[in-house]
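Raw upload15.json, JSON, C-alpha atoms:
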```
[["chain", "number", "residue", "atom", "x", "y", "z"],
["Q", 755, "MET", "CA", -200.22, -57.80, -74.74],
["Q", 756, "PRO", "CA", -198.62, -55.45, -77.30],
["Q", 757, "LYS", "CA", -200.24, -55.75, -80.68],
["Q", 758, "SER", "CA", -198.20, -53.46, -82.91],
["Q", 759, "LEU", "CA", -196.65, -56.41, -84.74],
["Q", 760, "GLU", "CA", -200.08, -57.88, -85.48],
["Q", 761, "ARG", "CA", -201.33, -54.51, -86.69],
["Q", 762, "ALA", "CA", -198.29, -54.05, -88.95],
["Q", 763, "GLN", "CA", -198.74, -57.53, -90.41],
["Q", 764, "LYS", "CA", -202.42, -56.87, -91.03],
["Q", 765, "ALA", "CA", -201.73, -53.50, -92.69],
["Q", 766, "ILE", "CA", -199.10, -54.99, -95.00],
["Q", 767, "ALA", "CA", -201.36, -57.91, -95.90],
["Q", 768, "LYS", "CA", -204.20, -55.48, -96.63],
["Q", 769, "LYS", "CA", -201.96, -53.41, -98.88],
["Q", 770, "LYS", "CA", -200.33, -56.26, -100.81],
["Q", 771, "GLY", "CA", -202.61, -59.21, -100.29],
["Q", 772, "THR", "CA", -201.13, -62.37, -98.81],
["Q", 773, "VAL", "CA", -197.42, -61.81, -98.25],
["Q", 774, "ASN", "CA", -195.29, -64.92, -98.65],
["Q", 775, "ALA", "CA", -191.90, -63.24, -98.82],
["Q", 776, "LEU", "CA", -190.48, -59.77, -98.40],
["Q", 777, "HIS", "CA", -187.17, -58.43, -99.54],
["Q", 778, "GLN", "CA", -184.73, -58.12, -96.65],
["Q", 779, "TYR", "CA", -184.29, -54.35, -96.94],
["Q", 780, "SER", "CA", -187.81, -53.44, -98.04],
["Q", 781, "ARG", "CA", -189.84, -50.82, -96.17],
["Q", 782, "ASP", "CA", -192.36, -53.44, -95.11],
["Q", 783, "SER", "CA", -189.74, -55.78, -93.63],
["Q", 784, "LYS", "CA", -188.20, -52.88, -91.71],
["Q", 785, "ARG", "CA", -191.67, -51.92, -90.49],
["Q", 786, "LEU", "CA", -192.30, -55.48, -89.27],
["Q", 787, "HIS", "CA", -188.92, -55.58, -87.58],
["Q", 788, "ARG", "CA", -189.54, -52.27, -85.75],
["Q", 789, "ALA", "CA", -192.96, -53.48, -84.62],
["Q", 790, "GLY", "CA", -191.50, -56.76, -83.33],
["Q", 791, "VAL", "CA", -188.73, -55.00, -81.43],
["Q", 792, "ARG", "CA", -191.27, -52.56, -79.96],
["Q", 793, "ASP", "CA", -193.45, -55.44, -78.74],
["Q", 794, "GLU", "CA", -190.47, -57.19, -77.14],
["Q", 795, "ARG", "CA", -189.39, -53.98, -75.40],
["Q", 796, "LEU", "CA", -192.89, -53.34, -74.04],
["Q", 797, "GLU", "CA", -193.15, -56.91, -72.74],
["Q", 798, "ARG", "CA", -189.76, -56.60, -71.05],
["Q", 799, "ILE", "CA", -190.77, -53.32, -69.40],
["Q", 800, "ALA", "CA", -194.09, -54.78, -68.24],
["Q", 801, "SER", "CA", -192.43, -57.84, -66.71],
["Q", 802, "ALA", "CA", -189.88, -55.65, -64.90],
["Q", 803, "ARG", "CA", -192.68, -53.48, -63.53],
["Q", 804, "LYS", "CA", -194.62, -56.53, -62.30],
["Q", 805, "LYS", "CA", -191.50, -57.84, -60.59],
["Q", 806, "LYS", "CA", -190.97, -54.48, -58.88],
["Q", 807, "ASP", "CA", -194.63, -54.22, -57.81],
["Q", 808, "LYS", "CA", -194.97, -57.78, -56.51],
["Q", 809, "PRO", "CA", -193.63, -57.16, -52.95],
["Q", 810, "TYR", "CA", -196.24, -54.47, -52.28],
["Q", 811, "ILE", "CA", -199.04, -56.70, -53.56],
["Q", 812, "GLU", "CA", -197.81, -59.61, -51.39],
["Q", 813, "ARG", "CA", -197.53, -57.30, -48.38],
["Q", 814, "THR", "CA", -201.04, -55.96, -48.81],
["Q", 815, "ALA", "CA", -202.40, -59.50, -49.27],
["Q", 816, "PHE", "CA", -200.67, -60.58, -46.03],
["Q", 817, "PHE", "CA", -202.28, -57.77, -44.02],
["Q", 818, "GLN", "CA", -205.63, -58.29, -45.75],
["Q", 819, "GLU", "CA", -205.56, -61.93, -44.67],
["Q", 820, "ALA", "CA", -204.65, -60.87, -41.11],
["Q", 821, "LEU", "CA", -207.69, -58.56, -41.07],
["Q", 822, "LYS", "CA", -209.92, -61.42, -42.24],
["Q", 823, "ARG", "CA", -208.63, -63.58, -39.38],
["Q", 824, "ASN", "CA", -209.44, -60.71, -37.01],
["Q", 825, "GLY", "CA", -213.01, -60.52, -38.28],
["Q", 826, "GLY", "CA", -212.58, -57.27, -40.19],
["Q", 827, "GLN", "CA", -212.12, -55.24, -37.00],
["Q", 828, "PRO", "CA", -209.51, -52.47, -36.58],
["Q", 829, "LEU", "CA", -206.25, -53.63, -35.04],
["Q", 830, "SER", "CA", -204.45, -52.17, -32.04],
["Q", 831, "MET", "CA", -200.91, -50.85, -32.42],
["Q", 832, "SER", "CA", -199.44, -53.83, -30.54],
["Q", 833, "ALA", "CA", -201.26, -56.25, -32.87],
["Q", 834, "ILE", "CA", -199.99, -54.32, -35.90],
["Q", 835, "GLN", "CA", -196.44, -54.43, -34.53],
["Q", 836, "ASP", "CA", -196.75, -58.21, -34.01],
["Q", 837, "LEU", "CA", -198.00, -58.66, -37.59],
["Q", 838, "ILE", "CA", -195.09, -56.59, -38.90],
["Q", 839, "GLN", "CA", -192.66, -58.78, -36.95],
["Q", 840, "ILE", "CA", -194.26, -61.90, -38.43],
["Q", 841, "TYR", "CA", -194.07, -60.42, -41.92],
["Q", 842, "VAL", "CA", -190.46, -59.28, -41.57],
["Q", 843, "HIS", "CA", -189.32, -62.68, -40.28],
["Q", 844, "GLN", "CA", -191.42, -64.87, -42.58],
["Q", 845, "TYR", "CA", -188.34, -66.15, -44.42],
["Q", 846, "ASP", "CA", -186.32, -67.08, -41.31],
["Q", 847, "GLU", "CA", -187.45, -70.71, -41.21],
["Q", 848, "GLU", "CA", -186.73, -71.27, -44.90],
["Q", 849, "LEU", "CA", -183.34, -69.56, -44.52],
["Q", 850, "ASN", "CA", -182.42, -71.85, -41.61],
["Q", 851, "GLU", "CA", -183.41, -74.93, -43.64],
["Q", 852, "VAL", "CA", -181.23, -73.80, -46.55],
["Q", 853, "LYS", "CA", -178.32, -73.15, -44.17],
["Q", 854, "LYS", "CA", -178.69, -76.61, -42.60],
["Q", 855, "ALA", "CA", -178.79, -78.29, -46.01],
["Q", 856, "ARG", "CA", -175.45, -76.73, -46.97],
["Q", 857, "ARG", "CA", -172.34, -78.70, -46.11],
["Q", 858, "PRO", "CA", -169.67, -76.99, -43.98],
["Q", 859, "GLY", "CA", -167.09, -75.16, -46.04],
["Q", 860, "GLN", "CA", -169.31, -74.71, -49.08],
["Q", 861, "PRO", "CA", -170.19, -71.21, -50.24],
["Q", 862, "ALA", "CA", -173.76, -70.03, -49.82],
["Q", 863, "LYS", "CA", -176.18, -70.94, -52.58],
["Q", 864, "PRO", "CA", -177.93, -68.19, -54.51],
["Q", 865, "LYS", "CA", -181.23, -69.02, -52.82],
["Q", 866, "GLU", "CA", -179.65, -68.48, -49.41],
["Q", 867, "ASP", "CA", -178.16, -65.16, -50.52],
["Q", 868, "LEU", "CA", -181.51, -64.07, -51.90],
["Q", 869, "LEU", "CA", -183.32, -64.94, -48.65],
["Q", 870, "LYS", "CA", -180.68, -63.10, -46.61],
["Q", 871, "MET", "CA", -181.13, -60.01, -48.79],
["Q", 872, "LYS", "CA", -184.94, -60.15, -48.44],
["Q", 873, "VAL", "CA", -184.76, -60.43, -44.65],
["Q", 874, "ALA", "CA", -182.14, -57.68, -44.40],
["Q", 875, "SER", "CA", -184.14, -55.30, -46.61],
["Q", 876, "LEU", "CA", -187.35, -55.92, -44.64],
["Q", 877, "GLU", "CA", -185.56, -55.36, -41.32],
["Q", 878, "LYS", "CA", -183.97, -52.17, -42.68],
["Q", 879, "GLU", "CA", -187.34, -50.92, -43.88],
["Q", 880, "TYR", "CA", -188.87, -51.66, -40.48],
["Q", 881, "GLN", "CA", -186.13, -49.65, -38.76],
["Q", 882, "ASN", "CA", -186.68, -46.74, -41.18],
["Q", 883, "GLY", "CA", -190.49, -46.93, -41.19],
["Q", 884, "PHE", "CA", -192.48, -49.90, -42.46],
["Q", 885, "LEU", "CA", -194.99, -49.01, -45.17],
["Q", 886, "LEU", "CA", -198.40, -50.67, -44.84],
["Q", 887, "PRO", "CA", -202.09, -49.85, -45.26],
["Q", 888, "VAL", "CA", -203.76, -48.17, -42.29],
["Q", 889, "LEU", "CA", -205.21, -51.02, -40.21],
["Q", 890, "ASP", "CA", -206.70, -49.11, -37.29],
["Q", 891, "THR", "CA", -209.58, -47.29, -39.02],
["Q", 892, "GLN", "CA", -212.79, -48.98, -40.12],
["Q", 893, "ASP", "CA", -213.03, -46.91, -43.34],
["Q", 894, "ASN", "CA", -209.67, -48.14, -44.64],
["Q", 895, "ILE", "CA", -210.38, -51.71, -43.52],
["Q", 896, "THR", "CA", -213.60, -51.72, -45.54],
["Q", 897, "VAL", "CA", -211.70, -50.61, -48.64],
["Q", 898, "LEU", "CA", -208.94, -53.16, -47.95],
["Q", 899, "GLU", "CA", -211.46, -56.02, -47.63],
["Q", 900, "LYS", "CA", -212.79, -55.20, -51.12],
["Q", 901, "TRP", "CA", -209.29, -55.33, -52.66],
["Q", 902, "GLU", "CA", -209.01, -58.13, -55.23],
["Q", 903, "GLY", "CA", -205.23, -58.11, -55.75],
["Q", 904, "SER", "CA", -204.65, -55.49, -58.44],
["Q", 905, "TRP", "CA", -201.86, -52.92, -58.34],
["Q", 906, "SER", "CA", -204.04, -50.05, -59.54],
["Q", 907, "TYR", "CA", -206.41, -50.42, -56.57],
["Q", 908, "LEU", "CA", -203.60, -49.97, -54.01],
["Q", 909, "THR", "CA", -203.75, -46.19, -54.35],
["Q", 910, "ASN", "CA", -207.28, -46.20, -52.90],
["Q", 911, "PHE", "CA", -205.98, -47.15, -49.43],
["Q", 912, "LYS", "CA", -204.60, -44.81, -46.84],
["Q", 913, "TRP", "CA", -201.00, -45.78, -46.12],
["Q", 914, "THR", "CA", -198.80, -45.26, -43.10],
["Q", 915, "ARG", "CA", -195.23, -45.80, -41.98],
["Q", 916, "ILE", "CA", -194.74, -47.49, -38.63],
["Q", 917, "TRP", "CA", -191.48, -47.57, -36.67],
["Q", 918, "PRO", "CA", -190.48, -50.16, -34.04],
["Q", 919, "ASP", "CA", -191.05, -47.65, -31.23],
["Q", 920, "GLY", "CA", -194.72, -47.28, -32.27],
["Q", 921, "LYS", "CA", -194.41, -43.94, -34.02],
["Q", 922, "THR", "CA", -196.65, -43.60, -37.10],
["Q", 923, "GLN", "CA", -196.65, -41.21, -40.00],
["Q", 924, "PRO", "CA", -199.07, -40.96, -42.92],
["Q", 925, "ALA", "CA", -197.48, -42.00, -46.19],
["Q", 926, "SER", "CA", -198.30, -41.83, -49.88],
["Q", 927, "PHE", "CA", -198.46, -44.74, -52.28],
["Q", 928, "PRO", "CA", -196.57, -45.68, -54.38],
["Q", 929, "PRO", "CA", -193.51, -44.93, -52.23],
["Q", 930, "LYS", "CA", -190.95, -42.54, -53.61],
["Q", 931, "GLY", "CA", -187.42, -43.87, -52.94],
["Q", 932, "ASP", "CA", -186.17, -46.00, -50.09],
["Q", 933, "HIS", "CA", -186.56, -44.93, -46.50]]
```

Do you think you could lay out the structure here as structure tokens?
Amino acid sequence: MPKSLERAQKAIAKKKGTVNALHQYSRDSKRLHRAGVRDERLERIASARKKKDKPYIERTAFFQEALKRNGGQPLSMSAIQDLIQIYVHQYDEELNEVKKARRPGQPAKPKEDLLKMKVASLEKEYQNGFLLPVLDTQDNITVLEKWEGSWSYLTNFKWTRIWPDGKTQPASFPPKGDH
């Protein structure tokens, strides 16, 4: 990924020839240190961004797969609501298994806590408007079928928020804040 350390090493080697040792406080050693720290910081930021973006990619892949099972045809609102319910409660079975595996009186394991938080956040989002690609227009379905799994392509879809009562509202992507 980041290549500033490699570039700094190459520039120093070009200037001095093969470098076997550098003085601890020399300009070149400080330059290499800064480049290494910069690379580490950029990798850390990139991994945090991927972790944050992963739920939206998984969500889009879930609804893309549902469209493939439907033959690439637009979905009715009741079918979309059913798919949202399936998506929101996808962790329920795994959560029940983890609960059953735990002995009485023991505190919850971190995996159980994590699953509870995922289910709770998905249910809260559904109550406040569930963000998903528009699945009832053929134009958006065609674009969604071509999606290959990249984050940058998600902005090409039309997005909507759907509430449990069937109300819909156009939305922008990426979402700004929690709803």

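Distances here use all atoms listed in the file; by that measure, the residue among Q:Tyr907, Q:Ile895, Q:Val888, Q:Asp846 closest to Pro924 of chain Q is Q:Val888.
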
Point-to-point distance from atom CA of Ala874 of chain Q to atom CA of Leu849 of chain Q, Å rounded to tenths:
11.9 Å

Go through Q:Met871, Q:Ile834, Q:Ile811, Q:Glu851 one by one, measure the shortest atom-to-atom distance of each to Lys921 of chain Q using all atoms listed in the file, and give the residue with the smallest value.
Q:Ile834

Nearest residue to Thr914 of chain Q from the set Q:Leu821, Q:Val852, Q:Leu885, Q:Leu876 (distances using all atoms listed in the file)
Q:Leu885

Could you work out an axis-aligned box for segment 768-781 of chain Q, taking every atom the file lists and adding 8 Å on each side, and report centre and edge lengths in Å to one decimal, as AutoDock Vina command-line options?
```
--center_x -194.2 --center_y -57.9 --center_z -98.5 --size_x 35.9 --size_y 30.1 --size_z 20.6
```

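Separating atom CA of Glu879 of chain Q from atom CA of Asp867 of chain Q is a distance of 18.2 Å.
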
Give me the residues within 9 Å of Pro928 of chain Q as a ChimeraX atom specification, counting all atoms listed in the file and dropping any in the same chain fewer than 2 places off.
/Q:908-909,926,930

What does the file look like for those residues with C-alpha atoms, as a PDB file, keeping the file's coordinate frame?
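Done, and the output landed in again.pdb:
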```pdb
ATOM      1  CA  LEU Q 908    -203.600 -49.970 -54.010  1.00  0.00           C
ATOM      2  CA  THR Q 909    -203.750 -46.190 -54.350  1.00  0.00           C
ATOM      3  CA  SER Q 926    -198.300 -41.830 -49.880  1.00  0.00           C
ATOM      4  CA  LYS Q 930    -190.950 -42.540 -53.610  1.00  0.00           C
TER       5      LYS Q 930
END
```

Atom CA of Ala800 of chain Q and atom CA of Gln818 of chain Q are how many Å apart?
25.5 Å

Would you kindly return, as a PyMOL selection string, each protein, DNA or RNA residue with an atom no farther than 12 Å from any atom of Lys769 of chain Q, considering all atoms listed in the file and excluding same-chain residues fewer than 6 positions away?
chain Q and resi 762-763+782

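Here the question is which of Q:Glu877, Q:Asp890, Q:Asn850, Q:Glu797 gets nearest to Ala833 of chain Q using only C-alpha atoms, and that residue is Q:Asp890.
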
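Residue neighbourhood of segment 787-794 of chain Q, excluding near-sequence residues (fewer than 6 positions): Pro756, Ser758 and Leu759 of chain Q, at 6 Å, using only C-alpha atoms.
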
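Here the question is which of Q:Tyr841, Q:Phe927, Q:Tyr779, Q:Phe911 gets nearest to Glu812 of chain Q using all atoms listed in the file, and that residue is Q:Tyr841.
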
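Residues in contact range of Glu899 of chain Q, defined as at most 12 Å between only C-alpha atoms, with sequence neighbours fewer than 3 positions away removed, read Q:Thr814, Q:Ala815, Q:Phe816, Q:Phe817, Q:Gln818, Q:Glu819, Q:Ala820, Q:Leu821, Q:Lys822, Q:Arg823, Q:Asn824, Q:Gly825, Q:Gly826, Q:Gln827, Q:Pro828, Q:Pro887, Q:Leu889, Q:Gln892, Q:Asp893, Q:Asn894, Q:Ile895, Q:Thr896, Q:Glu902, Q:Gly903, Q:Tyr907, Q:Leu908, Q:Asn910, Q:Phe911.
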
So that I have them on file, write out the residues from the current selection with C-alpha atoms, as a PDB file, in the frame of the given file.
```
ATOM      1  CA  THR Q 814    -201.040 -55.960 -48.810  1.00  0.00           C
ATOM      2  CA  ALA Q 815    -202.400 -59.500 -49.270  1.00  0.00           C
ATOM      3  CA  PHE Q 816    -200.670 -60.580 -46.030  1.00  0.00           C
ATOM      4  CA  PHE Q 817    -202.280 -57.770 -44.020  1.00  0.00           C
ATOM      5  CA  GLN Q 818    -205.630 -58.290 -45.750  1.00  0.00           C
ATOM      6  CA  GLU Q 819    -205.560 -61.930 -44.670  1.00  0.00           C
ATOM      7  CA  ALA Q 820    -204.650 -60.870 -41.110  1.00  0.00           C
ATOM      8  CA  LEU Q 821    -207.690 -58.560 -41.070  1.00  0.00           C
ATOM      9  CA  LYS Q 822    -209.920 -61.420 -42.240  1.00  0.00           C
ATOM     10  CA  ARG Q 823    -208.630 -63.580 -39.380  1.00  0.00           C
ATOM     11  CA  ASN Q 824    -209.440 -60.710 -37.010  1.00  0.00           C
ATOM     12  CA  GLY Q 825    -213.010 -60.520 -38.280  1.00  0.00           C
ATOM     13  CA  GLY Q 826    -212.580 -57.270 -40.190  1.00  0.00           C
ATOM     14  CA  GLN Q 827    -212.120 -55.240 -37.000  1.00  0.00           C
ATOM     15  CA  PRO Q 828    -209.510 -52.470 -36.580  1.00  0.00           C
ATOM     16  CA  PRO Q 887    -202.090 -49.850 -45.260  1.00  0.00           C
ATOM     17  CA  LEU Q 889    -205.210 -51.020 -40.210  1.00  0.00           C
ATOM     18  CA  GLN Q 892    -212.790 -48.980 -40.120  1.00  0.00           C
ATOM     19  CA  ASP Q 893    -213.030 -46.910 -43.340  1.00  0.00           C
ATOM     20  CA  ASN Q 894    -209.670 -48.140 -44.640  1.00  0.00           C
ATOM     21  CA  ILE Q 895    -210.380 -51.710 -43.520  1.00  0.00           C
ATOM     22  CA  THR Q 896    -213.600 -51.720 -45.540  1.00  0.00           C
ATOM     23  CA  GLU Q 902    -209.010 -58.130 -55.230  1.00  0.00           C
ATOM     24  CA  GLY Q 903    -205.230 -58.110 -55.750  1.00  0.00           C
ATOM     25  CA  TYR Q 907    -206.410 -50.420 -56.570  1.00  0.00           C
ATOM     26  CA  LEU Q 908    -203.600 -49.970 -54.010  1.00  0.00           C
ATOM     27  CA  ASN Q 910    -207.280 -46.200 -52.900  1.00  0.00           C
ATOM     28  CA  PHE Q 911    -205.980 -47.150 -49.430  1.00  0.00           C
TER      29      PHE Q 911
END
```

With distances taken over only C-alpha atoms, which residue among Q:Pro809, Q:Gly883, Q:Pro864, Q:Pro929 lies nearest Ile916 of chain Q?
Q:Gly883
